[in-house]
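J.: So here's final.txt (compact mmCIF, C-alpha atoms).
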# COMPACT_ATOMS: atom_id res chain seq x y z
CA MET A 456 0.00 0.00 0.00
CA ARG A 457 2.84 2.31 0.89
CA GLY A 458 4.47 1.58 -2.48
CA LEU A 459 1.24 2.43 -4.29
CA TRP A 460 0.99 5.79 -2.63
CA GLY A 461 4.66 6.38 -3.35
CA ARG A 462 4.09 5.79 -7.06
CA VAL A 463 1.05 8.03 -7.03
CA TRP A 464 3.04 10.85 -5.34
CA GLN A 465 5.88 10.52 -7.79
CA ARG A 466 3.46 10.85 -10.69
CA ARG A 467 1.91 13.97 -9.09
CA THR A 468 5.16 15.70 -8.10
CA PRO A 469 5.75 17.49 -11.45
CA LEU A 470 2.18 18.77 -11.39
CA VAL A 471 2.56 20.12 -7.83
CA VAL A 472 5.83 21.83 -8.70
CA LEU A 473 4.27 23.37 -11.81
CA MET A 474 1.33 24.70 -9.77
CA ALA A 475 3.69 26.15 -7.18
CA VAL A 476 5.72 27.97 -9.84
CA VAL A 477 2.57 29.32 -11.44
CA GLY A 478 1.36 30.44 -8.02
CA ILE A 479 4.58 32.30 -7.28
CA ALA A 480 4.58 33.93 -10.69
CA GLY A 481 0.97 34.92 -10.19
CA THR A 482 1.82 36.47 -6.86
CA VAL A 483 4.68 38.46 -8.41
CA LEU A 484 2.46 39.61 -11.24
CA ALA A 485 -0.29 40.53 -8.82
CA THR A 486 2.19 42.50 -6.74
CA ARG A 487 3.38 44.39 -9.80
CA ASP A 488 -0.17 44.97 -10.94
CA SER A 489 -1.07 46.38 -7.51
CA GLY A 490 1.68 48.99 -7.72
CA GLY A 491 4.87 47.38 -6.37
CA GLY A 492 8.33 47.13 -7.86
CA HIS A 493 9.06 50.84 -8.33
CA LEU A 494 11.66 51.36 -5.62
CA ALA A 495 14.77 51.30 -7.82
CA ALA A 496 13.24 53.63 -10.43
CA ASN A 497 11.99 56.01 -7.74
CA GLN A 498 15.41 56.13 -6.11
CA ALA A 499 17.03 56.93 -9.44
CA GLN A 500 14.41 59.63 -10.01
CA LEU A 501 15.20 61.19 -6.62
CA ARG A 502 18.88 61.50 -7.53
CA LYS A 503 18.09 63.51 -10.68
CA ALA A 504 14.91 65.37 -9.69
CA CYS A 505 14.88 69.13 -9.12
CA ASP A 506 18.06 69.58 -11.16
CA GLY A 507 19.93 67.26 -8.81
CA THR A 508 19.59 69.63 -5.85
CA LEU A 509 17.90 67.28 -3.37
CA PRO A 510 19.87 65.63 -0.52
CA TYR A 511 19.54 61.96 -1.54
CA GLY A 512 21.02 60.60 1.69
CA ASP A 513 18.41 62.41 3.80
CA LEU A 514 15.39 61.70 1.61
CA GLU A 515 16.10 58.13 0.49
CA ARG A 516 14.15 56.62 3.38
CA LEU A 517 10.97 58.34 2.21
CA VAL A 518 10.98 56.70 -1.23
CA ARG A 519 8.09 54.25 -1.67
CA ASP A 520 7.88 51.10 -3.77
CA GLU A 521 4.14 50.91 -4.41
CA ARG A 522 3.80 53.40 -7.28
CA PRO A 523 5.92 55.49 -9.64
CA GLY A 524 7.12 58.84 -8.33
CA LYS A 525 5.22 61.88 -9.55
CA LEU A 526 7.50 64.76 -10.51
CA ARG A 527 6.54 68.34 -11.34
CA GLU A 528 9.29 70.88 -11.93
CA HIS A 529 9.98 74.17 -13.68
CA GLY A 530 12.14 77.28 -13.28
CA THR A 531 14.98 79.10 -14.95
CA MET A 532 17.58 76.67 -13.58
CA LEU A 533 15.88 73.92 -15.60
CA ALA A 534 15.11 76.04 -18.65
CA PRO A 535 17.29 79.18 -18.80
CA GLY A 536 15.19 80.79 -21.51
CA GLN A 537 11.97 80.29 -19.58
CA GLU A 538 10.10 83.27 -18.15
CA SER A 539 9.55 82.45 -14.50
CA ARG A 540 9.74 84.13 -11.13
CA SER A 541 11.44 81.02 -9.80
CA LEU A 542 14.91 79.65 -10.18
CA LEU A 543 13.41 76.33 -9.21
CA ASP A 544 9.94 75.03 -8.40
CA CYS A 545 9.88 71.30 -7.87
CA SER A 546 7.60 68.71 -6.29
CA LEU A 547 8.25 64.98 -6.06
CA SER A 548 5.77 62.64 -4.38
CA TRP A 549 5.43 58.88 -3.93
CA GLY A 550 1.88 58.79 -2.60
CA ASP A 551 0.48 58.11 0.88
CA GLY A 552 1.77 61.48 2.10
CA TYR A 553 5.42 60.91 1.20
CA GLY A 554 7.10 63.64 -0.82
CA VAL A 555 9.19 66.78 -1.02
CA THR A 556 8.53 70.25 -2.43
CA VAL A 557 11.21 72.90 -2.91
CA HIS A 558 11.09 76.47 -4.17
CA ALA A 559 13.95 78.87 -4.84
CA GLU A 560 13.81 82.40 -6.16
CA ALA A 561 16.04 85.41 -6.60
CA LEU A 562 14.39 88.10 -4.49
CA VAL A 563 13.78 91.47 -6.09
CA SER A 564 11.32 92.53 -3.40
CA ASP A 565 10.76 91.80 0.28
CA VAL A 566 11.16 88.43 1.95
CA PRO A 567 7.69 86.79 1.87
CA GLN A 568 7.80 86.06 5.60
CA ALA A 569 7.01 88.05 8.74
CA VAL A 570 10.27 89.36 10.24
CA GLU A 571 9.25 92.06 12.71
CA THR A 572 10.75 91.92 16.20
CA ARG A 573 7.93 89.87 17.73
CA ASP A 574 7.99 87.48 14.76
CA LEU A 575 11.60 86.68 15.60
CA LEU A 576 11.06 86.38 19.34
CA GLU A 577 7.62 84.75 19.37
CA PRO A 578 7.22 83.05 15.98
CA ALA A 579 3.94 81.51 14.83
CA GLY A 580 1.97 83.99 16.92
CA GLY A 581 3.57 82.82 20.15
CA HIS A 582 2.85 79.13 19.50
CA GLY A 583 6.46 78.50 18.59
CA THR A 584 8.15 76.81 15.67
CA PHE A 585 11.55 75.37 14.83
CA VAL A 586 14.77 77.15 13.89
CA ALA A 587 18.10 75.69 12.85
CA PRO A 588 20.91 77.60 14.62
CA GLY A 589 23.24 79.11 12.05
CA THR A 590 20.56 79.23 9.35
CA THR A 591 18.69 82.48 8.70
CA GLY A 592 15.09 81.33 8.62
CA GLN A 593 12.32 79.46 10.39
CA TYR A 594 9.90 76.60 9.83
CA GLY A 595 6.71 78.11 8.40
CA LYS A 596 3.53 77.18 6.55
CA ARG A 597 5.43 76.05 3.48
CA GLY A 598 8.05 74.19 5.45
CA ALA A 599 11.54 75.39 6.25
CA TRP A 600 12.54 78.72 4.69
CA LEU A 601 15.88 80.49 4.55
CA VAL A 602 17.54 83.54 3.07
CA THR A 603 21.14 83.72 1.95
CA ASP A 604 23.43 86.00 -0.08
CA CYS A 605 24.78 85.55 -3.58
CA LEU A 606 27.41 88.27 -3.77
CA GLY A 607 28.13 87.51 -7.40
CA GLY A 608 24.51 88.13 -8.36
CA LEU A 609 21.68 85.74 -9.24
CA GLY A 610 20.53 85.20 -12.81
CA GLY A 611 17.05 84.41 -14.04
CA ARG A 612 15.40 87.76 -13.24
CA VAL A 613 15.22 91.02 -15.18
CA ARG A 614 16.35 93.05 -12.18
CA PRO A 615 19.72 92.09 -10.67
CA THR A 616 19.65 90.77 -7.12
CA THR A 617 22.00 89.17 -4.63
CA ASP A 618 19.36 87.61 -2.35
CA LEU A 619 18.27 83.97 -2.55
CA TYR A 620 15.11 82.71 -0.88
CA VAL A 621 14.52 78.96 -0.53
CA THR A 622 11.71 76.89 0.97
CA ALA A 623 11.60 73.13 1.46
CA ARG A 624 8.71 71.03 2.72
CA VAL A 625 9.08 67.33 3.40
CA THR A 626 6.15 65.04 4.16
CA ASP A 627 6.71 61.63 5.70
CA GLY A 628 3.26 60.05 5.64
CA THR A 629 2.07 61.61 8.89
CA ASN A 630 -0.37 63.95 7.14
CA ASP A 631 -3.49 62.99 5.24
CA SER A 632 -2.49 64.36 1.86
CA ASP A 633 -1.03 62.31 -0.98
CA GLU A 634 0.59 65.40 -2.42
CA ALA A 635 3.10 67.85 -0.99
CA ASP A 636 0.91 70.89 -1.60
CA ASP A 637 1.22 74.40 -0.16
CA SER A 638 -2.05 74.48 1.77
CA ASP A 639 -1.04 72.52 4.86
CA GLU A 640 2.06 71.73 6.81
CA ALA A 641 3.29 68.23 7.43
CA THR A 642 2.26 68.65 11.01
CA SER A 643 1.39 66.73 14.09
CA ARG A 644 -1.94 67.26 15.77
CA SER A 645 -0.43 70.15 17.73
CA GLY A 646 -0.17 72.13 14.49
CA LYS A 647 3.63 71.89 14.27
CA PRO A 648 5.83 69.36 12.52
CA ASP A 649 7.78 66.93 14.61
CA ARG A 650 11.44 67.65 15.19
CA ALA A 651 12.70 65.13 12.62
CA THR A 652 10.46 66.52 9.88
CA ALA A 653 11.56 70.08 10.63
CA LEU A 654 15.24 69.11 10.52
CA LEU A 655 14.70 67.30 7.23
CA GLY A 656 13.08 70.42 5.82
CA PHE A 657 16.00 72.63 6.85
CA ARG A 658 18.61 70.19 5.55
CA THR A 659 16.81 70.03 2.22
CA ALA A 660 16.55 73.82 1.98
CA VAL A 661 20.25 74.25 2.80
CA GLN A 662 21.26 71.63 0.24
CA VAL A 663 19.17 73.31 -2.46
CA ALA A 664 20.65 76.72 -1.57
CA ASN A 665 24.21 75.39 -1.68
CA VAL A 666 23.76 73.69 -5.06
CA LEU A 667 22.16 76.82 -6.54
CA THR A 668 24.72 79.30 -5.19
CA LYS A 669 27.52 77.11 -6.52
CA ALA A 670 25.86 76.85 -9.93
CA GLN A 671 25.28 80.61 -9.96
CA HIS A 672 28.95 81.32 -9.08
CA CYS A 673 27.94 83.40 -6.07
CA GLY A 674 31.47 83.58 -4.74
CA SER A 675 30.55 82.71 -1.16
CA GLY A 676 31.08 79.47 0.71
CA PRO A 677 28.29 76.94 1.31
CA LEU A 678 25.88 77.21 4.20
CA THR A 679 26.60 74.88 7.10
CA MET A 680 24.36 71.83 7.00
CA PRO A 681 22.21 71.92 10.18
CA LYS A 682 22.52 68.96 12.52
CA THR A 683 19.76 69.95 14.92
CA VAL A 684 16.74 72.21 15.29
CA VAL A 685 15.50 74.12 18.32
CA ASP A 686 11.86 74.33 19.36
CA THR A 687 11.07 77.97 20.18
CA ASP A 688 7.95 77.04 22.12
CA GLU A 689 8.57 77.95 25.75
CA THR A 690 6.29 75.17 26.98
CA HIS A 691 9.19 72.89 26.03
CA GLY A 692 11.57 74.80 28.29
CA ALA A 693 13.04 78.25 27.92
CA PRO A 694 15.51 77.97 25.05
CA GLY A 695 15.61 81.72 24.34
CA ARG A 696 15.91 82.85 27.95
CA ALA A 697 19.02 84.54 29.34
CA LEU A 698 21.06 84.42 26.14
CA ARG A 699 24.46 86.03 26.40
CA LYS A 700 23.74 88.42 23.54
CA CYS A 701 20.83 89.88 25.55
CA GLU A 702 22.61 90.31 28.90
CA TRP A 703 22.93 94.06 28.31
CA ILE A 704 19.25 94.37 29.33
CA ASP A 705 19.87 94.65 33.06
CA GLY A 706 17.66 96.44 35.56
CA SER A 707 20.63 97.18 37.78
CA SER A 708 22.80 98.87 35.17
CA LEU A 709 20.60 100.17 32.35
CA PRO A 710 19.51 103.72 33.20
CA GLY A 711 15.89 104.67 32.67
CA ILE A 712 14.26 101.27 33.10
CA ALA A 713 12.57 99.94 36.22
CA SER A 714 15.10 98.63 38.73
CA GLY A 715 15.06 95.01 39.85
CA SER A 716 15.23 91.62 38.19
CA TRP A 717 14.52 91.38 34.48
CA THR A 718 13.87 88.34 32.31
CA THR A 719 15.35 88.40 28.82
CA LEU A 720 14.46 86.57 25.63
CA GLY A 721 16.42 86.30 22.39
CA ASP A 722 15.90 84.74 19.00
CA LEU A 723 17.70 81.44 18.41
CA GLN A 724 18.67 81.65 14.76
CA GLU A 725 22.32 82.59 15.49
CA SER A 726 22.20 84.45 12.20
CA THR A 727 24.71 86.87 10.73
CA ALA A 728 21.82 88.73 9.07
CA LEU A 729 19.38 89.38 11.91
CA SER A 730 18.97 89.30 15.67
CA ALA A 731 16.42 90.22 18.33
CA CYS A 732 16.35 90.63 22.11
CA SER A 733 13.69 91.66 24.58
CA GLY A 734 13.54 92.16 28.32
CA GLU A 735 10.71 92.42 30.83
CA TRP A 736 10.58 93.49 34.45
CA ASP A 737 9.95 90.22 36.29
CA ALA A 738 7.02 90.71 38.69
CA GLN A 739 7.43 87.23 40.17
CA LYS A 740 11.14 87.56 40.96
CA ASN A 741 10.68 91.10 42.29
CA ALA A 742 7.68 90.26 44.51
CA GLY A 743 8.39 91.32 48.08
CA LYS A 744 11.70 92.87 47.06
CA ARG A 745 10.76 95.75 44.79
CA PRO A 746 7.66 97.92 44.60
CA ARG A 747 5.56 97.75 41.48
CA PRO A 748 6.89 100.23 38.88
CA LYS A 749 5.08 103.55 38.68
CA GLU A 750 3.01 104.46 35.66
CA TRP A 751 5.16 105.42 32.64
CA GLN A 752 8.25 103.71 34.03
CA VAL A 753 9.79 101.44 31.38
CA THR A 754 9.04 97.79 32.15
CA GLU A 755 9.75 96.24 28.74
CA VAL A 756 12.52 96.72 26.20
CA GLU A 757 12.99 95.40 22.65
CA ALA A 758 15.93 95.58 20.25
CA ALA A 759 16.37 94.05 16.80
CA SER A 760 18.60 94.31 13.74
CA TRP A 761 18.11 93.24 10.13
CA SER A 762 20.73 93.32 7.35
CA GLY A 763 20.38 93.41 3.58
CA VAL A 764 17.05 92.30 2.16
CA LEU A 765 15.83 91.45 5.65
CA GLY A 766 16.38 95.06 6.71
CA ARG A 767 14.38 96.33 3.77
CA SER A 768 11.66 93.77 4.47
CA ALA A 769 11.38 94.63 8.16
CA TYR A 770 11.33 98.39 7.50
CA ASP A 771 8.68 98.00 4.80
CA SER A 772 6.56 95.89 7.13
CA TYR A 773 6.62 98.52 9.87
CA GLU A 774 6.03 101.24 7.31
CA ARG A 775 2.81 99.57 6.15
CA GLU A 776 1.63 99.94 9.75
CA GLY A 777 2.71 103.58 9.93
CA HIS A 778 5.44 102.74 12.43
CA VAL A 779 8.59 104.22 10.87
CA PRO A 780 10.15 107.67 11.34
CA GLY A 781 8.58 110.32 9.19
CA TRP A 782 5.48 108.31 8.32
CA GLY A 783 2.75 110.78 7.50
CA ALA A 784 5.24 113.63 7.08
CA GLN A 785 4.35 116.45 4.74
CA GLU A 786 5.81 116.37 1.22
CA GLY A 787 9.40 117.60 1.23
CA GLU A 788 9.78 116.96 4.96
CA SER A 789 12.58 114.57 5.90
CA PRO A 790 12.16 111.81 8.49
CA SER A 791 14.43 113.72 10.85
CA GLU A 792 12.04 116.66 10.66
CA ALA A 793 9.01 114.56 11.50
CA GLY A 794 9.75 112.61 14.63
CA SER A 795 13.43 112.46 15.44
CA GLU A 796 15.62 112.76 18.48
CA ALA A 797 16.54 116.27 17.34
CA ASP A 798 12.89 117.23 17.53
CA ALA A 799 12.75 115.92 21.07
CA ASP A 800 15.71 118.10 21.99
CA ARG A 801 13.82 121.14 20.66
CA GLY A 802 10.74 120.21 22.69
CA VAL A 803 8.54 119.41 19.69
CA LEU A 804 7.72 115.92 20.90
CA ARG A 805 7.80 116.58 24.62
CA GLN A 806 4.25 117.67 24.94
CA GLU A 807 1.40 116.12 26.84
CA ASP A 808 -0.22 113.39 24.81
CA ARG A 809 -3.06 110.89 25.06
CA VAL A 810 -2.70 107.12 24.78
CA SER A 811 -5.71 104.99 23.89
CA SER A 812 -6.30 101.43 25.05
CA TYR A 813 -6.84 100.57 21.40
CA ALA A 814 -3.17 101.26 20.67
CA GLY A 815 -2.29 97.64 21.46
CA ARG A 816 1.12 97.71 23.16
CA PRO A 817 1.92 101.43 23.57
CA GLN A 818 5.63 101.99 23.01
CA LEU A 819 8.19 104.48 21.83
CA ALA A 820 10.47 103.09 19.11
CA LEU A 821 13.77 104.52 17.93
CA TRP A 822 15.27 103.59 14.56
CA ALA A 823 18.86 103.71 13.36
CA ARG A 824 20.85 102.52 10.35
CA SER A 825 24.40 101.15 10.21
CA VAL A 826 26.73 99.20 8.01
CA CYS A 827 27.16 95.75 9.56
CA GLY A 828 29.32 93.10 7.92
CA GLY A 829 29.43 95.27 4.81
CA ARG A 830 25.62 95.36 4.48
CA SER A 831 23.15 98.13 5.14
CA THR A 832 21.42 97.30 8.43
CA TYR A 833 18.40 98.67 10.25
CA HIS A 834 18.20 98.72 14.04
CA ARG A 835 15.02 99.24 16.00
CA VAL A 836 14.73 99.57 19.78
CA ALA A 837 11.52 100.14 21.69
CA VAL A 838 10.69 101.02 25.28
CA LEU A 839 7.30 100.02 26.70
CA PRO A 840 6.05 101.88 29.79
CA GLU A 841 3.98 100.61 32.68
CA ILE A 842 0.42 101.62 31.91
CA GLN A 843 -2.94 100.30 33.12
CA LEU A 844 -5.78 100.86 30.68
CA GLY A 845 -9.23 99.31 30.53
CA ASP A 846 -11.09 98.87 27.25
CA GLY A 847 -12.02 102.21 25.79
CA GLU A 848 -9.98 104.16 28.32
CA THR A 849 -7.42 106.85 27.56
CA ALA A 850 -4.35 107.75 29.59
CA VAL A 851 -2.46 111.03 29.56
CA ILE A 852 1.33 111.05 29.30
CA SER A 853 2.86 114.28 30.57
CA GLY A 854 5.60 116.14 28.74
CA LYS A 855 8.01 115.17 31.50
CA ASP A 856 7.25 111.46 31.21
CA ARG A 857 7.44 111.71 27.43
CA THR A 858 10.90 113.28 27.74
CA ARG A 859 12.02 110.41 29.96
CA LEU A 860 10.88 107.87 27.37
CA SER A 861 12.96 109.60 24.69
CA ALA A 862 16.03 109.62 26.90
CA THR A 863 15.56 105.94 27.82
CA ALA A 864 15.07 104.90 24.19
CA ARG A 865 18.36 106.56 23.22
CA THR A 866 20.13 104.96 26.19
CA VAL A 867 18.78 101.55 25.16
CA LEU A 868 19.96 102.05 21.57
CA ASP A 869 23.45 103.08 22.67
CA ARG A 870 23.75 100.19 25.10
CA TYR A 871 22.53 97.72 22.46
CA LEU A 872 24.99 98.92 19.84
CA ASP A 873 27.92 98.97 22.28
CA ALA A 874 27.27 95.71 24.19
CA GLU A 875 30.41 93.58 24.01
CA ASP A 876 28.49 90.32 23.53
CA GLY A 877 25.63 91.82 21.54
CA TRP A 878 24.84 91.17 17.89
CA PRO A 879 25.91 94.63 16.58
CA ALA A 880 29.40 94.17 18.04
CA SER A 881 29.73 90.68 16.55
CA ALA A 882 28.56 92.04 13.17
CA ASP A 883 31.11 94.89 13.33
CA CYS A 884 28.45 97.59 12.93
CA ARG A 885 29.71 101.09 12.16
CA ASP A 886 28.68 104.44 10.66
CA THR A 887 25.44 104.48 12.64
CA LYS A 888 22.87 107.16 11.92
CA VAL A 889 19.85 107.69 14.16
CA LEU A 890 16.75 107.94 11.95
CA GLY A 891 14.12 109.04 14.45
CA GLU A 892 11.42 108.07 16.92
CA VAL A 893 7.98 106.56 16.42
CA GLU A 894 5.17 106.97 18.93
CA GLN A 895 3.28 103.70 18.63
CA TRP A 896 0.20 104.70 20.54
CA HIS A 897 -1.82 106.66 18.01
How does the structure come out when it is put into structure tokens?
T.:
Amino acid sequence: MRGLWGRVWQRRTPLVVLMAVVGIAGTVLATRDSGGGHLAANQAQLRKACDGTLPYGDLERLVRDERPGKLREHGTMLAPGQESRSLLDCSLSWGDGYGVTVHAEALVSDVPQAVETRDLLEPAGGHGTFVAPGTTGQYGKRGAWLVTDCLGGLGGRVRPTTDLYVTARVTDGTNDSDEADDSDEATSRSGKPDRATALLGFRTAVQVANVLTKAQHCGSGPLTMPKTVVDTDETHGAPGRALRKCEWIDGSSLPGIASGSWTTLGDLQESTALSACSGEWDAQKNAGKRPRPKEWQVTEVEAASWSGVLGRSAYDSYEREGHVPGWGAQEGESPSEAGSEADADRGVLRQEDRVSSYAGRPQLALWARSVCGGRSTYHRVAVLPEIQLGDGETAVISGKDRTRLSATARTVLDRYLDAEDGWPASADCRDTKVLGEVEQWH
């Protein structure tokens, strides 16, 4: 009986083997038909996509196998005769939320990002974001963005420019979109990307910038590739507190501000093109030690600097709000004739004035311009007085208190520019000209 079954099995063996082979082949075909087998082609596409600017080593892990990569690209780097605002616009996606989008342009106007003092100190409306120390930029709605110089000049635009703006957004399957579009961030439920995604965005942006500046013969060295990012959200600690560059804001040594302990905050970009510091009289630390400051005593201080295109962008932004010297001046009247320190010395601005609760954060700002690191640079300092106003109420600032604010603003500017560890000193700022004051309470 055993021999009979053995003969039967032997006769069936070729049939079983044939069925197994057919089954395996069918499985392979089914896999290919369902979208597999594209990994090698997608990896090769990643190496060449976006004019070869993408960091393959960083992005390789995102490449999918299930379907062919979808590439969309244009720009003057790809087609020199093409009319385009962009040097490079490129999007590569592999489905299921995996992809990368980069954009690079030669700026002939302002940086398309908010760069006022509070935007540097409290980005994303105070909710925080990520910065990569050493890189001038932040993580925004379109991913990581940066600005860098091209001293040799950038081609591709009618007007010559030396300023390069790059954005890079990487999606790693954590969002719901199949495409790397501009409408949403690759974010966690908290509304911010995770740390790894943010770092990947910055590394991609830096790589794109370095490839483009080399191709454009900019004459400057490459940007340093970031190895880490910093979360500016203070709920994750206090990364911007008590920075050395902001130590000059000291209640015990800075004349004109409320005495006592102060808490300082600085931006974390460690940029050669911009910087910001602020200080606030610390009610908690001073409790039981110092009396509450009197009305119109300075309890907050701000100072910021912007070089090159960032200076122009910041100044233009404040100007749109009417918060630059000379705004609203009569035709033919210079900024120094419509709100400057010289006016204060003549008594023009030292009159009694009214401050409305609708003014937001009433403050006196003082603007100056220098040459820092060979680039035209704007400086803005502001002093914010102690003032208690209910909705709809109006306070009166006397001429004497107004004079004190002017004197304190000038002291703050001088201390900021001269601070040994401050940004202006590190940027070798010189040839400073005071532009004038702005009363930000009207």
J.: Neighbouring residues of range 726-732 of chain A were defined as those with any atom within 10 Å, considering all atoms listed in the file; residues of the same chain fewer than 4 positions away were excluded. Please report them as a ChimeraX atom specification.
T.: /A:570-576,587-592,602-604,695-698,700-704,719-722,756-766,827-828,830,832-836,871,877-879,881-882
J.: Could you tell me which of A:Ala504, A:Leu655, A:Val625, A:Ala769 comes closest to Thr683 in chain A if we count all atoms listed in the file?
T.: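 When distances to Thr683 in chain A are compared using all atoms listed in the file, the smallest one comes from A:Leu655.
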J.: If you count only C-alpha atoms, which residues fall within 9 Å of range 741-751 of chain A, apart from same-chain ones fewer than 6 positions away, as a list in words?
T.: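 So, after excluding close chain neighbours, the residues are Ala713, Ser714, Gly715, Ser716, Trp717, Leu839, Pro840, Glu841, Ile842, Gln843, Ile852, Asp856, Arg857, Arg859 and Leu860 of chain A.
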J.: Using all atoms listed in the file for the distances, tell me which of A:Leu890, A:Val810, A:Ala837, A:Leu709 is nearest to Trp822 in chain A.
T.: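 That would be A:Leu890, the residue with the smallest distance to Trp822 in chain A.
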J.: Which of these, A:Gly580, A:Leu509, A:Gly734, A:Gln593, has the shortest distance to Gly706 in chain A once you count all atoms listed in the file?
T.: A:Gly734
J.: Identify the residues around (29.7, 71.2, 5.9) within a radius of 12 Å, measuring from all atoms listed in the file in the coordinates stated by the file, and give them as a list in words.
T.: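 Here is the list of nearby residues: Gly589, Arg658, Val661, Gln662, Asn665, Gly676, Pro677, Leu678, Thr679, Met680, Pro681 and Lys682 of chain A.
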J.: Under the rule that all atoms listed in the file are counted, which of A:Asp544, A:Asp686, A:Asp705, A:Glu892 is the nearest residue to Arg624 in chain A?
T.: A:Asp544
J.: Tell me which protein, DNA and RNA residues are within 6 Å of Gly628 in chain A, counting all atoms listed in the file, leaving out same-chain ones fewer than 4 positions away, and put them as JSON, numbers by chain.
T.: {"A": [551, 552, 553]}
J.: Just to confirm, what's the straight-line distance from CA of Pro510 in chain A to CA of Thr584 in chain A in Å (one decimal)?
T.: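 Between CA of Pro510 in chain A and CA of Thr584 in chain A the gap works out to 22.9 Å.
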J.: From the list A:Arg522, A:Arg816, A:His529, A:Arg885, which residue is nearest His493 in chain A when using only C-alpha atoms?
T.: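 For His493 in chain A, the nearest of the candidates is A:Arg522.
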J.: Could you work out how far CA of Arg775 in chain A lies from CA of Arg865 in chain A, giving the answer in Å with one decimal?
T.: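 Rounded to one decimal, the two atoms are 24.1 Å apart.
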J.: So that I can check the surroundings of Gly554 in chain A, please list as a count of residues only every protein, DNA and RNA residue that reaches within 8 Å of it, counting all atoms listed in the file and ignoring chain neighbours fewer than 6 positions away.
T.: 10
J.: Can you report as JSON the centre and edge lengths in Å, to one decimal, of an axis-aligned box around the listed atoms of range 613-618 of chain A padded with 8 Å on each side?
T.:
{"center_x": 18.6, "center_y": 90.3, "center_z": -8.8, "size_x": 22.8, "size_y": 21.4, "size_z": 28.8}
J.: Here is a test: counting all atoms listed in the file, which residue of A:Tyr511, A:Trp896, A:Tyr594, A:Trp736 is nearest to Thr754 in chain A?
T.: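 The shortest atom-to-atom distance to Thr754 in chain A comes from A:Trp736.
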